[in-house]
>>> print(open('start_8.cif').read())   # mmCIF, C-alpha atoms and all ligand atoms
data_final
loop_
_atom_site.label_atom_id
_atom_site.label_comp_id
_atom_site.auth_asym_id
_atom_site.auth_seq_id
_atom_site.Cartn_x
_atom_site.Cartn_y
_atom_site.Cartn_z
CA MET T 539 28.18 22.71 -70.26
CA MET T 540 24.82 21.05 -70.84
CA THR T 541 22.61 20.72 -67.84
CA GLN T 542 21.02 17.33 -67.58
CA PHE T 543 17.29 17.30 -68.17
CA ARG T 544 15.35 15.72 -65.33
CA SER T 545 12.14 13.91 -66.10
CA PRO T 546 9.11 14.50 -63.86
CA SER T 547 8.95 10.71 -63.38
CA ARG T 548 11.66 8.38 -62.25
CA LEU T 549 12.17 4.70 -61.63
CA ARG T 550 14.13 4.30 -58.43
CA LEU T 551 16.20 1.14 -58.69
CA ASP T 552 17.48 -0.51 -55.52
CA GLY T 553 20.92 -1.96 -56.33
CA ASP T 554 21.26 -3.68 -52.95
CA ALA T 555 17.94 -5.45 -53.46
CA LEU T 556 19.02 -6.61 -56.94
CA VAL T 557 22.29 -8.04 -55.62
CA SER T 558 20.57 -9.63 -52.63
CA ASN T 559 18.04 -11.32 -54.92
CA TRP T 560 20.83 -12.66 -57.14
CA GLN T 561 22.75 -13.94 -54.12
CA LEU T 562 19.67 -15.77 -52.87
CA LEU T 563 19.17 -17.34 -56.32
CA ALA T 564 22.87 -18.26 -56.46
CA ARG T 565 22.56 -20.05 -53.08
CA LYS T 566 19.41 -21.81 -54.27
CA SER T 567 21.27 -22.88 -57.41
CA GLY T 568 23.63 -24.95 -55.23
CA LYS T 569 26.71 -26.07 -57.14
CA ALA T 570 25.43 -24.60 -60.40
CA SER T 571 26.49 -21.12 -61.49
CA CYS T 572 23.74 -18.53 -61.39
CA GLY T 573 23.35 -16.29 -64.44
CA ALA T 574 20.99 -13.41 -65.13
CA ALA T 575 18.41 -12.77 -67.85
CA VAL T 576 18.70 -9.08 -68.77
CA LYS T 577 16.52 -9.09 -71.90
CA ALA T 578 13.92 -6.33 -72.40
CA ASN T 579 16.30 -3.81 -70.81
CA GLY T 580 16.66 -5.87 -67.65
CA TYR T 581 12.90 -6.47 -67.45
CA GLY T 582 12.19 -2.76 -67.79
CA THR T 583 14.83 -1.63 -65.30
CA ASP T 584 18.24 -0.76 -66.81
CA ALA T 585 20.10 -3.69 -68.34
CA HIS T 586 23.48 -1.95 -68.32
CA GLY T 587 23.19 -1.03 -64.63
CA VAL T 588 22.05 -4.55 -63.82
CA VAL T 589 25.01 -6.15 -65.61
CA MET T 590 27.51 -3.85 -63.88
CA ARG T 591 26.09 -4.56 -60.42
CA LEU T 592 25.66 -8.30 -60.83
CA ALA T 593 29.10 -8.72 -62.44
CA LYS T 594 30.60 -7.04 -59.38
CA ALA T 595 28.67 -9.47 -57.18
CA GLY T 596 30.11 -12.45 -59.09
CA CYS T 597 27.59 -13.17 -61.85
CA ARG T 598 29.33 -14.34 -65.03
CA ASP T 599 26.55 -15.32 -67.46
CA PHE T 600 24.04 -12.92 -68.97
CA PHE T 601 21.20 -13.48 -71.42
CA VAL T 602 19.46 -11.13 -73.85
CA ALA T 603 16.85 -11.93 -76.50
CA THR T 604 18.25 -10.19 -79.60
CA TRP T 605 21.43 -8.80 -81.14
CA GLY T 606 19.97 -5.32 -80.81
CA GLU T 607 19.90 -5.85 -77.05
CA ALA T 608 23.45 -7.19 -77.10
CA LEU T 609 24.62 -4.09 -78.97
CA ALA T 610 22.77 -1.77 -76.61
CA LEU T 611 24.63 -3.31 -73.67
CA GLY T 612 27.97 -2.25 -75.13
CA SER T 613 31.19 -3.76 -73.86
CA LEU T 614 30.77 -6.13 -70.94
CA PRO T 615 32.73 -6.35 -67.71
CA LYS T 616 35.84 -8.58 -67.82
CA GLY T 617 35.18 -12.27 -67.30
CA THR T 618 31.49 -12.15 -68.18
CA GLN T 619 29.70 -13.81 -71.10
CA LEU T 620 26.61 -12.92 -73.03
CA SER T 621 24.25 -15.26 -74.81
CA VAL T 622 21.67 -14.10 -77.39
CA LEU T 623 18.64 -16.33 -76.84
CA HIS T 624 16.95 -15.87 -80.21
CA GLY T 625 19.93 -17.24 -82.08
CA VAL T 626 21.17 -15.88 -85.34
CA ARG T 627 19.24 -14.85 -88.42
CA LYS T 628 20.94 -14.38 -91.78
CA GLU T 629 20.87 -10.62 -91.29
CA ASP T 630 22.51 -10.95 -87.86
CA MET T 631 25.57 -12.82 -89.10
CA ALA T 632 27.82 -9.79 -89.66
CA TRP T 633 27.13 -8.52 -86.14
CA ALA T 634 27.18 -11.91 -84.55
CA THR T 635 30.48 -13.09 -85.98
CA GLY T 636 32.16 -9.84 -84.97
CA SER T 637 30.78 -9.97 -81.44
CA ASN T 638 32.00 -11.65 -78.28
CA ALA T 639 28.43 -12.67 -77.49
CA ARG T 640 27.29 -16.18 -78.38
CA PRO T 641 24.10 -17.01 -80.26
CA THR T 642 21.80 -19.60 -78.69
CA LEU T 643 21.07 -21.65 -81.80
CA ASN T 644 17.41 -22.62 -81.96
CA SER T 645 16.80 -24.46 -85.22
CA VAL T 646 18.45 -26.76 -87.71
CA GLU T 647 18.74 -23.79 -90.05
CA GLN T 648 20.59 -21.73 -87.40
CA VAL T 649 22.92 -24.62 -86.58
CA LEU T 650 23.90 -25.01 -90.23
CA ARG T 651 24.34 -21.24 -90.55
CA TRP T 652 26.70 -21.04 -87.58
CA LYS T 653 28.71 -24.25 -88.01
CA PRO T 654 31.13 -22.91 -90.67
CA THR T 655 32.19 -20.04 -88.39
CA GLY T 656 33.70 -22.46 -85.86
CA LYS T 657 32.92 -19.89 -83.20
CA PRO T 658 31.44 -20.69 -79.79
CA CYS T 659 27.68 -20.92 -79.44
CA ASP T 660 24.94 -22.15 -77.14
CA VAL T 661 22.13 -24.44 -78.25
CA MET T 662 18.47 -24.50 -77.20
CA VAL T 663 16.76 -27.87 -77.21
CA ASP T 664 12.97 -28.00 -77.05
CA THR T 665 11.95 -30.56 -74.43
CA GLY T 666 8.23 -29.92 -74.69
CA MET T 667 7.42 -26.23 -74.63
CA ASN T 668 7.18 -26.05 -78.42
CA ARG T 669 8.45 -22.52 -78.54
CA LEU T 670 12.08 -22.38 -79.66
CA GLY T 671 14.71 -25.06 -79.99
CA ILE T 672 15.91 -28.09 -81.89
CA SER T 673 14.43 -31.47 -81.05
CA PRO T 674 16.15 -34.08 -78.88
CA GLU T 675 15.84 -36.39 -81.92
CA ASP T 676 18.00 -34.01 -83.99
CA VAL T 677 20.59 -34.03 -81.20
CA GLY T 678 20.50 -37.83 -81.21
CA ALA T 679 20.95 -37.86 -84.99
CA GLY T 680 24.22 -35.93 -84.66
CA LEU T 681 23.11 -32.47 -85.80
CA LEU T 682 25.40 -30.80 -83.26
CA GLY T 683 28.59 -32.58 -84.30
CA ASP T 684 31.46 -30.13 -85.10
CA LEU T 685 29.77 -27.29 -83.23
CA ASN T 686 31.76 -25.43 -80.61
CA ILE T 687 29.11 -25.50 -77.88
CA ASP T 688 29.49 -23.75 -74.56
CA THR T 689 26.06 -24.40 -73.04
CA ILE T 690 23.18 -26.59 -74.06
CA MET T 691 19.86 -25.27 -72.74
CA SER T 692 16.21 -26.03 -72.53
CA HIS T 693 13.35 -23.97 -71.12
CA LEU T 694 10.63 -25.03 -68.68
CA ALA T 695 7.06 -24.30 -69.74
CA SER T 696 5.34 -24.56 -66.33
CA ALA T 697 8.03 -24.17 -63.67
CA ASP T 698 5.72 -21.92 -61.64
CA GLN T 699 3.28 -24.81 -61.13
CA ALA T 700 3.64 -28.21 -59.46
CA VAL T 701 2.87 -30.27 -62.56
CA GLN T 702 4.24 -33.44 -64.14
CA GLN T 703 5.49 -31.47 -67.17
CA ASN T 704 8.44 -30.19 -65.10
CA GLU T 705 9.75 -33.68 -64.37
CA ASP T 706 9.09 -34.77 -67.96
CA GLN T 707 11.14 -31.87 -69.30
CA ARG T 708 13.90 -32.40 -66.72
CA ALA T 709 14.23 -36.07 -67.64
CA ALA T 710 14.22 -35.34 -71.38
CA PHE T 711 16.95 -32.74 -70.84
CA ALA T 712 19.06 -34.93 -68.54
CA ALA T 713 19.02 -37.63 -71.23
CA LEU T 714 21.07 -35.30 -73.47
CA SER T 715 23.98 -35.37 -71.04
CA GLY T 716 27.16 -36.53 -72.76
CA MET T 717 25.55 -36.53 -76.21
CA THR T 718 27.15 -33.24 -77.33
CA SER T 719 30.38 -31.36 -76.92
CA ALA T 720 28.66 -28.84 -74.63
CA ARG T 721 30.69 -27.82 -71.60
CA ARG T 722 27.58 -26.98 -69.55
CA MET T 723 23.88 -27.72 -69.28
CA SER T 724 21.24 -25.14 -68.24
CA LEU T 725 17.51 -25.57 -67.65
CA ALA T 726 16.10 -23.46 -64.82
CA ASN T 727 14.52 -20.01 -65.04
CA SER T 728 13.47 -18.19 -61.81
CA ALA T 729 10.73 -20.63 -60.85
CA GLY T 730 12.93 -23.54 -61.93
CA VAL T 731 15.53 -22.51 -59.35
CA PHE T 732 12.93 -23.27 -56.67
CA LEU T 733 12.11 -26.74 -58.06
CA GLY T 734 15.14 -28.30 -56.40
CA ALA T 735 18.74 -29.31 -57.02
CA ASP T 736 17.86 -31.70 -59.87
CA PHE T 737 16.81 -28.77 -62.00
CA ALA T 738 19.95 -26.66 -61.56
CA PHE T 739 22.38 -28.64 -63.77
CA ASP T 740 25.49 -26.42 -64.35
CA LEU T 741 23.94 -22.99 -64.84
CA THR T 742 20.64 -21.32 -63.92
CA ARG T 743 19.04 -18.42 -65.82
CA PRO T 744 16.71 -16.43 -63.55
CA GLY T 745 15.13 -13.21 -64.75
CA LEU T 746 11.92 -12.21 -62.96
CA ALA T 747 13.11 -13.07 -59.43
CA LEU T 748 16.21 -10.87 -59.80
CA TYR T 749 13.90 -7.90 -60.19
CA GLY T 750 11.76 -8.76 -57.18
CA GLY T 751 9.09 -10.76 -58.98
CA VAL T 752 7.87 -13.76 -57.01
CA PRO T 753 7.89 -16.63 -59.52
CA CYS T 754 6.17 -19.31 -57.43
CA GLU T 755 4.80 -20.03 -53.96
CA ALA T 756 8.10 -21.42 -52.69
CA ALA T 757 9.74 -18.03 -53.31
CA GLN T 758 7.28 -16.01 -51.24
CA GLY T 759 8.81 -13.59 -48.75
CA MET T 760 12.38 -14.15 -49.97
CA LEU T 761 12.86 -11.51 -52.64
CA ARG T 762 13.14 -7.74 -52.40
CA GLN T 763 11.45 -5.14 -54.59
CA VAL T 764 13.93 -3.55 -57.00
CA ALA T 765 11.89 -1.10 -59.13
CA PHE T 766 9.98 1.77 -57.52
CA PRO T 767 8.01 4.09 -59.86
CA GLU T 768 7.93 7.67 -58.61
CA ALA T 769 6.33 10.80 -60.05
CA GLN T 770 6.13 14.49 -59.27
CA ILE T 771 2.95 16.28 -58.28
CA LEU T 772 2.03 18.72 -61.06
CA GLN T 773 -1.02 20.26 -59.39
CA ARG T 774 -2.91 20.11 -56.11
CA ALA T 775 -6.59 20.98 -55.88
CA SER T 776 -9.61 20.99 -53.58
CA ILE T 777 -12.83 19.57 -55.01
CA LYS T 778 -16.38 19.70 -53.68
CA ALA T 779 -18.68 16.84 -52.78
CA GLY T 780 -20.34 15.55 -55.96
CA GLU T 781 -17.52 16.62 -58.28
CA THR T 782 -15.91 13.96 -60.43
CA VAL T 783 -12.32 13.18 -61.36
CA GLY T 784 -10.83 12.18 -64.68
CA TYR T 785 -12.02 10.74 -68.00
CA ASN T 786 -15.63 9.56 -68.02
CA ALA T 787 -16.08 10.83 -64.48
CA THR T 788 -15.67 7.36 -62.98
CA PHE T 789 -14.87 8.77 -59.53
CA THR T 790 -17.25 11.03 -57.61
CA ALA T 791 -16.19 12.75 -54.39
CA LYS T 792 -18.55 11.84 -51.53
CA ALA T 793 -17.30 14.82 -49.49
CA PRO T 794 -15.00 17.79 -50.08
CA MET T 795 -11.59 16.37 -50.86
CA GLU T 796 -7.98 17.16 -51.69
CA ILE T 797 -6.46 15.67 -54.82
CA ALA T 798 -3.05 15.76 -56.46
CA THR T 799 -2.35 15.14 -60.13
CA LEU T 800 0.86 13.19 -60.80
CA ASN T 801 3.06 13.09 -63.88
CA LEU T 802 2.49 9.39 -64.57
CA GLY T 803 0.12 7.40 -66.77
CA TYR T 804 -0.45 4.34 -68.85
CA ALA T 805 2.10 5.40 -71.47
CA ASP T 806 4.67 4.94 -68.69
CA GLY T 807 3.37 1.45 -67.91
CA TYR T 808 1.17 2.50 -64.99
CA LEU T 809 -1.81 0.98 -66.72
CA ARG T 810 -5.51 1.76 -66.62
CA ALA T 811 -5.94 -1.49 -64.73
CA PHE T 812 -4.81 0.45 -61.65
CA SER T 813 -7.84 2.74 -61.94
CA GLY T 814 -9.87 0.16 -60.09
CA PRO T 815 -13.58 -0.39 -60.61
CA ASP T 816 -15.78 2.61 -61.35
CA GLY T 817 -16.24 4.76 -58.32
CA ALA T 818 -13.76 2.81 -56.22
CA ALA T 819 -10.08 3.40 -55.58
CA GLY T 820 -7.51 1.39 -57.49
CA GLY T 821 -3.77 1.42 -56.90
CA THR T 822 -2.18 3.26 -54.02
CA ALA T 823 0.86 5.39 -53.29
CA GLU T 824 3.25 5.77 -50.34
CA GLY T 825 2.50 2.49 -48.62
CA GLY T 826 -1.27 2.64 -49.06
CA ARG T 827 -1.68 6.16 -47.67
CA MET T 828 -2.88 7.72 -50.94
CA PRO T 829 -5.36 5.89 -53.18
CA VAL T 830 -5.35 6.41 -56.94
CA ILE T 831 -8.75 7.83 -57.88
CA GLY T 832 -10.55 8.00 -61.20
CA ARG T 833 -9.21 6.68 -64.44
CA VAL T 834 -5.48 6.59 -65.13
CA SER T 835 -4.78 8.78 -68.20
CA MET T 836 -1.98 8.40 -70.73
CA ASP T 837 0.36 10.78 -68.91
CA LEU T 838 -1.42 11.66 -65.66
CA LEU T 839 -3.24 10.21 -62.72
CA ALA T 840 -4.90 11.55 -59.58
CA ILE T 841 -4.39 10.52 -55.97
CA CYS T 842 -6.31 11.49 -52.85
CA VAL T 843 -4.17 13.65 -50.53
CA ASP T 844 -6.76 14.38 -47.85
CA ASP T 845 -4.40 13.29 -45.09
CA GLU T 846 -1.31 14.99 -46.56
CA PRO T 847 -1.72 18.77 -46.12
CA GLU T 848 1.99 19.48 -46.63
CA LEU T 849 2.26 18.03 -50.15
CA VAL T 850 2.65 20.58 -52.97
CA ALA T 851 3.47 20.66 -56.68
CA GLY T 852 7.01 19.43 -57.27
CA ASP T 853 6.96 16.89 -54.44
CA TRP T 854 7.77 13.31 -55.37
CA ILE T 855 5.32 10.48 -54.75
CA SER T 856 6.19 6.79 -54.78
CA LEU T 857 3.49 4.56 -56.30
CA ASP T 858 3.06 1.20 -54.56
CA TYR T 859 4.44 -1.41 -56.93
CA ASP T 860 5.03 -4.56 -54.91
CA LEU T 861 4.82 -6.98 -57.82
CA PRO T 862 2.63 -9.77 -56.42
CA ALA T 863 0.24 -7.22 -54.90
CA ALA T 864 0.15 -5.08 -58.06
CA SER T 865 -0.45 -8.22 -60.11
CA ALA T 866 -3.39 -9.27 -57.92
CA LEU T 867 -4.86 -5.77 -58.15
CA SER T 868 -4.45 -5.25 -61.88
CA GLY T 869 -4.73 -8.75 -63.33
CA LEU T 870 -1.42 -8.23 -65.15
CA SER T 871 1.44 -10.67 -64.76
CA GLN T 872 4.48 -9.57 -62.78
CA TYR T 873 6.47 -9.85 -66.04
CA GLU T 874 4.14 -7.39 -67.76
CA LEU T 875 4.23 -4.99 -64.82
CA LEU T 876 8.02 -4.76 -65.08
CA THR T 877 8.52 -4.79 -68.83
CA ASN T 878 5.80 -2.17 -69.41
CA LEU T 879 7.78 0.45 -67.46
CA GLY T 880 8.42 2.99 -70.17
CA PRO T 881 11.25 5.13 -71.51
CA ARG T 882 10.02 8.41 -69.98
CA PHE T 883 11.22 7.48 -66.49
CA ASP T 884 14.69 8.58 -65.47
CA ARG T 885 16.27 5.43 -64.12
CA VAL T 886 18.03 6.20 -60.87
CA TRP T 887 20.01 3.58 -58.94
CA THR T 888 20.13 3.99 -55.18
C1 LIG T 901 13.28 -15.09 -70.18
C2 LIG T 901 14.03 -16.35 -70.09
C3 LIG T 901 14.57 -16.78 -68.88
C4 LIG T 901 14.25 -16.10 -67.57
O1 LIG T 901 12.94 -16.44 -67.19
P1 LIG T 901 12.26 -15.94 -65.82
O2 LIG T 901 10.98 -16.67 -65.78
O3 LIG T 901 12.09 -14.47 -65.95
O4 LIG T 901 13.19 -16.29 -64.71
C5 LIG T 901 15.37 -17.91 -68.89
N1 LIG T 901 15.59 -18.59 -70.04
C6 LIG T 901 15.06 -18.23 -71.22
C7 LIG T 901 15.33 -19.04 -72.43
C8 LIG T 901 14.24 -17.12 -71.29
O5 LIG T 901 13.69 -16.77 -72.45
#
>>> encode(input="start_8.cif", output="structure tokens", more="lines below")
Ligand SMILES: *Cc1c(COP(=O)(O)O)cnc(C)c1O
Amino acid sequence: MMTQFRSPSRLRLDGDALVSNWQLLARKSGKASCGAAVKANGYGTDAHGVVMRLAKAGCRDFFVATWGEALALGSLPKGTQLSVLHGVRKEDMAWATGSNARPTLNSVEQVLRWKPTGKPCDVMVDTGMNRLGISPEDVGAGLLGDLNIDTIMSHLASADQAVQQNEDQRAAFAALSGMTSARRMSLANSAGVFLGADFAFDLTRPGLALYGGVPCEAAQGMLRQVAFPEAQILQRASIKAGETVGYNATFTAKAPMEIATLNLGYADGYLRAFSGPDGAAGGTAEGGRMPVIGRVSMDLLAICVDDEPELVAGDWISLDYDLPAASALSGLSQYELLTNLGPRFDRVWT
């Protein structure tokens, strides 16, 4: 029998927190169904584990970006549906027509490509983001006739801000009601769920908030952290006053101090932005007790363990990764902080 290799870094994933976040978003979605965006491996977590847990909690609609992501998910739980947001390229057709997942058609070209299959699809309409989607004018001109449409969607550009663009997009989207054969309409992402009942339509599509990201002010204090990066101590050392730590010696010990080197670095997504300014501490571990010192390396970083005499090599340390706080500290968006979490972590659901 093969013994399973254990990585010296792991991403602890809190399944109860994930489900509780989805349930909150489902309540906020009112009469609309609440789906789940699981693209980018469930925002860096574990898309398969997310789908299994949310399906059990009652989630029926899942979204990925590409057919590669749909394939990686494998077979889905009974009663659930998967939509592939980037639609269908010519080279996707063989996969797409043999799959139970639906493409979200984004362009005239994609609509014409899919129409002859007669198979179900979703359609993205661009109501002002100018990213992906067909125009409301093309809908009005009858482009979507003869398509077997499950859900017609649009995407909000600025849902995290209180700006007029939200209402403009909502109104443009609402005007499409009854103009197509679509069974459902869907507009809101995470922040959109907090814009009010008018934005929910029939189906919401949160991503970030499921994983504990706080998408807007109205969501503060409501969501639970899901992803907790943890790493093992590889080495513990005592250094003297005046000695420096790490690349370019950006940290100098003011007094004798105890440091521990962890198996974690920027190649795992714990970026150099957590090094903090030269000479000062950056990120922290274990609820603020242990500051990260010096520059974060590719595979390693150092923490101060002055107040932790019992810690030795092999012990596990949890890096503080509350998303709004980590975002404020590093200047990275909460989306980047999640999706940067790399493949070297074991992903462990608790
Ligand atoms: C990523 C994505 C979502 C989810 O957005 P969040 O801001 O993470 O909630 C919803 N819809 C579409 C089309 C997306 O691309």
>>> residues_near_ligand(input="start_8.cif", ligand="ligand LIG 901 (chain T)", cutoff="9 Å", atoms="only C-alpha atoms and all ligand atoms", output="PDB file with C-alpha atoms, keeping the file's coordinate frame")
ATOM      1  CA  ALA T 574      20.990 -13.410 -65.130  1.00  0.00           C
ATOM      2  CA  ALA T 575      18.410 -12.770 -67.850  1.00  0.00           C
ATOM      3  CA  VAL T 576      18.700  -9.080 -68.770  1.00  0.00           C
ATOM      4  CA  LYS T 577      16.520  -9.090 -71.900  1.00  0.00           C
ATOM      5  CA  TYR T 581      12.900  -6.470 -67.450  1.00  0.00           C
ATOM      6  CA  PHE T 601      21.200 -13.480 -71.420  1.00  0.00           C
ATOM      7  CA  VAL T 602      19.460 -11.130 -73.850  1.00  0.00           C
ATOM      8  CA  ALA T 603      16.850 -11.930 -76.500  1.00  0.00           C
ATOM      9  CA  LEU T 623      18.640 -16.330 -76.840  1.00  0.00           C
ATOM     10  CA  HIS T 624      16.950 -15.870 -80.210  1.00  0.00           C
ATOM     11  CA  MET T 662      18.470 -24.500 -77.200  1.00  0.00           C
ATOM     12  CA  LEU T 670      12.080 -22.380 -79.660  1.00  0.00           C
ATOM     13  CA  MET T 691      19.860 -25.270 -72.740  1.00  0.00           C
ATOM     14  CA  SER T 692      16.210 -26.030 -72.530  1.00  0.00           C
ATOM     15  CA  HIS T 693      13.350 -23.970 -71.120  1.00  0.00           C
ATOM     16  CA  LEU T 694      10.630 -25.030 -68.680  1.00  0.00           C
ATOM     17  CA  ALA T 697       8.030 -24.170 -63.670  1.00  0.00           C
ATOM     18  CA  ASP T 698       5.720 -21.920 -61.640  1.00  0.00           C
ATOM     19  CA  SER T 724      21.240 -25.140 -68.240  1.00  0.00           C
ATOM     20  CA  LEU T 725      17.510 -25.570 -67.650  1.00  0.00           C
ATOM     21  CA  ALA T 726      16.100 -23.460 -64.820  1.00  0.00           C
ATOM     22  CA  ASN T 727      14.520 -20.010 -65.040  1.00  0.00           C
ATOM     23  CA  SER T 728      13.470 -18.190 -61.810  1.00  0.00           C
ATOM     24  CA  ALA T 729      10.730 -20.630 -60.850  1.00  0.00           C
ATOM     25  CA  GLY T 730      12.930 -23.540 -61.930  1.00  0.00           C
ATOM     26  CA  VAL T 731      15.530 -22.510 -59.350  1.00  0.00           C
ATOM     27  CA  THR T 742      20.640 -21.320 -63.920  1.00  0.00           C
ATOM     28  CA  ARG T 743      19.040 -18.420 -65.820  1.00  0.00           C
ATOM     29  CA  PRO T 744      16.710 -16.430 -63.550  1.00  0.00           C
ATOM     30  CA  GLY T 745      15.130 -13.210 -64.750  1.00  0.00           C
ATOM     31  CA  LEU T 746      11.920 -12.210 -62.960  1.00  0.00           C
ATOM     32  CA  ALA T 747      13.110 -13.070 -59.430  1.00  0.00           C
ATOM     33  CA  LEU T 748      16.210 -10.870 -59.800  1.00  0.00           C
ATOM     34  CA  TYR T 749      13.900  -7.900 -60.190  1.00  0.00           C
ATOM     35  CA  GLY T 751       9.090 -10.760 -58.980  1.00  0.00           C
ATOM     36  CA  PRO T 753       7.890 -16.630 -59.520  1.00  0.00           C
ATOM     37  CA  TYR T 873       6.470  -9.850 -66.040  1.00  0.00           C
TER      38      TYR T 873
END
>>> closest_residue(input="start_8.cif", among="T:Val677, T:Val588, T:Val646, T:Ile777", to="Arg885 (chain T)", atoms="all atoms listed in the file")
T:Val588
>>> atom_distance(input="start_8.cif", atom1="CA of Ala787 (chain T)", atom2="CA of Arg810 (chain T)")
14.1 Å
>>> axis_aligned_box(input="start_8.cif", around="region 786-789 of chain T", padding_each_side="6 Å", output="JSON")
{"center_x": -15.5, "center_y": 9.1, "center_z": -63.8, "size_x": 13.2, "size_y": 15.5, "size_z": 20.5}
>>> residues_near_point(input="start_8.cif", point="(15.7, -26.0, -83.4)", cutoff="6 Å", atoms="all atoms listed in the file", output="PDB file with C-alpha atoms, in the frame of the given file")
ATOM      1  CA  ASN T 644      17.410 -22.620 -81.960  1.00  0.00           C
ATOM      2  CA  SER T 645      16.800 -24.460 -85.220  1.00  0.00           C
ATOM      3  CA  VAL T 646      18.450 -26.760 -87.710  1.00  0.00           C
ATOM      4  CA  GLY T 671      14.710 -25.060 -79.990  1.00  0.00           C
ATOM      5  CA  ILE T 672      15.910 -28.090 -81.890  1.00  0.00           C
TER       6      ILE T 672
END
>>> atom_distance(input="start_8.cif", atom1="CA of Gly750 (chain T)", atom2="CA of Ala578 (chain T)")
15.6 Å
>>> closest_residue(input="start_8.cif", among="T:Asp688, T:Asp599, T:Glu768, T:Asp845", to="Thr642 (chain T)", atoms="all atoms listed in the file")
T:Asp688
>>> residues_around(input="start_8.cif", residues="Ser621 (chain T)", least_positions_apart="4", cutoff="6 Å", atoms="all atoms listed in the file", output="ChimeraX atom specification")
/T:601,639-641
>>> decode(input="start_8.cif", residues="region 729-769 of chain T", atoms="C-alpha atoms", output="short mmCIF file (atom, residue, chain, number, x, y, z; two decimals), in the first residue's frame")
data_model
loop_
_atom_site.label_atom_id
_atom_site.label_comp_id
_atom_site.auth_asym_id
_atom_site.auth_seq_id
_atom_site.Cartn_x
_atom_site.Cartn_y
_atom_site.Cartn_z
CA ALA T 729 -21.70 42.27 -3.68
CA GLY T 730 -24.84 42.30 -5.84
CA VAL T 731 -26.58 40.07 -3.30
CA PHE T 732 -26.22 42.93 -0.80
CA LEU T 733 -27.69 45.55 -3.16
CA GLY T 734 -31.26 44.51 -2.36
CA ALA T 735 -34.11 42.35 -3.59
CA ASP T 736 -34.36 44.11 -6.96
CA PHE T 737 -30.99 42.71 -7.93
CA ALA T 738 -31.69 39.06 -7.11
CA PHE T 739 -33.99 38.16 -10.04
CA ASP T 740 -34.30 34.31 -10.13
CA LEU T 741 -30.75 33.20 -9.34
CA THR T 742 -27.71 34.77 -7.65
CA ARG T 743 -24.08 33.84 -8.37
CA PRO T 744 -21.86 34.66 -5.38
CA GLY T 745 -18.22 33.62 -5.33
CA LEU T 746 -15.97 35.67 -3.05
CA ALA T 747 -18.40 35.85 -0.11
CA LEU T 748 -18.77 32.05 0.00
CA TYR T 749 -15.07 31.84 0.79
CA GLY T 750 -15.18 34.46 3.53
CA GLY T 751 -14.31 37.49 1.42
CA VAL T 752 -16.19 40.62 2.40
CA PRO T 753 -17.45 42.05 -0.89
CA CYS T 754 -18.84 45.38 0.36
CA GLU T 755 -19.49 47.40 3.50
CA ALA T 756 -22.98 45.99 3.97
CA ALA T 757 -21.50 42.49 4.34
CA GLN T 758 -19.11 43.37 7.16
CA GLY T 759 -19.16 41.05 10.16
CA MET T 760 -21.50 38.52 8.52
CA LEU T 761 -19.17 36.07 6.82
CA ARG T 762 -16.80 33.49 8.24
CA GLN T 763 -13.23 32.78 7.17
CA VAL T 764 -13.01 29.53 5.20
CA ALA T 765 -9.34 29.17 4.17
CA PHE T 766 -6.58 29.03 6.78
CA PRO T 767 -2.97 28.68 5.49
CA GLU T 768 -0.80 26.64 7.84
CA ALA T 769 2.85 25.63 7.64
#
